[in-house]
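Structure file input16.pdb with PDB, C-alpha atoms:
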ATOM      1  CA  MET F 195     139.897  86.146  73.001
ATOM      2  CA  ASP F 196     136.593  84.334  72.703
ATOM      3  CA  ASP F 197     136.353  84.094  76.472
ATOM      4  CA  ALA F 198     136.818  87.843  76.916
ATOM      5  CA  THR F 199     134.284  88.661  74.205
ATOM      6  CA  SER F 200     131.713  86.247  75.571
ATOM      7  CA  GLN F 201     132.273  87.571  79.108
ATOM      8  CA  GLN F 202     131.709  91.161  77.924
ATOM      9  CA  GLY F 203     128.583  90.047  76.066
ATOM     10  CA  SER F 204     127.191  88.261  79.095
ATOM     11  CA  GLU F 205     127.969  91.285  81.309
ATOM     12  CA  ALA F 206     126.146  93.564  78.883
ATOM     13  CA  GLU F 207     123.186  91.190  78.784
ATOM     14  CA  ALA F 208     123.158  91.047  82.579
ATOM     15  CA  ALA F 209     123.136  94.860  82.758
ATOM     16  CA  VAL F 210     120.195  94.996  80.348
ATOM     17  CA  ARG F 211     118.327  92.395  82.427
ATOM     18  CA  ARG F 212     119.015  94.317  85.649
ATOM     19  CA  ALA F 213     117.801  97.554  84.063
ATOM     20  CA  ARG F 214     114.586  95.913  82.902
ATOM     21  CA  PHE F 215     113.818  93.467  85.718
ATOM     22  CA  GLY F 216     115.979  94.836  88.548
ATOM     23  CA  ALA F 217     113.229  95.900  90.946
ATOM     24  CA  LEU F 218     109.830  94.545  91.813
ATOM     25  CA  PRO F 219     106.850  96.883  91.510
ATOM     26  CA  GLU F 220     105.523  98.540  94.624
ATOM     27  CA  PRO F 221     102.906  96.413  96.438
ATOM     28  CA  VAL F 222      99.293  97.512  96.045
ATOM     29  CA  ARG F 223      97.368  98.080  99.259
ATOM     30  CA  VAL F 224      94.036  96.326  99.715
ATOM     31  CA  GLU F 225      92.343  99.704 100.261
ATOM     32  CA  ASP F 226      93.448 100.765  96.776
ATOM     33  CA  MET F 227      91.958  97.651  95.156
ATOM     34  CA  VAL F 228      88.390  98.198  96.377
ATOM     35  CA  GLU F 229      86.066 100.968  95.288
ATOM     36  CA  GLU F 230      82.774 101.383  97.092
ATOM     37  CA  ARG F 231      79.930 103.278  95.492
ATOM     38  CA  PRO F 232      76.167 102.784  95.349
ATOM     39  CA  ALA F 233      74.854 100.599  92.536
ATOM     40  CA  GLY F 234      72.176 103.122  91.642
ATOM     41  CA  THR F 235      70.047 105.860  93.055
ATOM     42  CA  PRO F 236      67.062 104.637  95.063
ATOM     43  CA  ASP F 237      63.704 104.990  93.293
ATOM     44  CA  PRO F 238      60.955 105.929  95.768
ATOM     45  CA  ALA F 239      58.194 105.087  93.269
ATOM     46  CA  ARG F 240      59.456 101.526  92.989
ATOM     47  CA  THR F 241      59.648 100.884  96.705
ATOM     48  CA  ALA F 242      56.422 102.676  97.654
ATOM     49  CA  TYR F 243      53.598 100.334  98.599
ATOM     50  CA  ASN F 244      49.949 101.237  98.339
ATOM     51  CA  GLN F 245      47.608  98.865 100.161
ATOM     52  CA  ASP F 246      44.601  99.742  98.016
ATOM     53  CA  GLU F 247      46.341  99.397  94.664
ATOM     54  CA  TRP F 248      45.342  95.761  94.252
ATOM     55  CA  LEU F 249      41.685  96.728  94.752
ATOM     56  CA  VAL F 250      41.821  99.279  91.975
ATOM     57  CA  ARG F 251      43.848  97.095  89.664
ATOM     58  CA  TYR F 252      41.986  93.791  90.057
ATOM     59  CA  CYS F 253      38.517  94.566  91.375
ATOM     60  CA  LEU F 254      37.391  97.608  89.415
TER
END

For this file, write the structure as structure tokens.
Amino acid sequence: MDDATSQQGSEAEAAVRRARFGALPEPVRVEDMVEERPAGTPDPARTAYNQDEWLVRYCL
């Protein structure tokens, strides 16, 4: 009787394992792993260059 009880127990444990770990998750595509968006909005005041600014700042 011990063999039958242990076999039923192992079958029940196997069913629980199959229910929990029976299938692998769906693979994730590379396109879904990457998100592209700009780091920030461009600031025109920061990138503007004035040739005469150094004259005003350092000479006057």

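For the pair CA of Glu230 in chain F and CA of Tyr243 in chain F, the separation is 29.2 Å.
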
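Our summary of the geometry notes that CA of Leu249 in chain F is positioned 23.6 Å from CA of Asp237 in chain F.
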
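Across the model, the gap from CA of Gly216 in chain F to CA of Gln202 in chain F is 19.3 Å.
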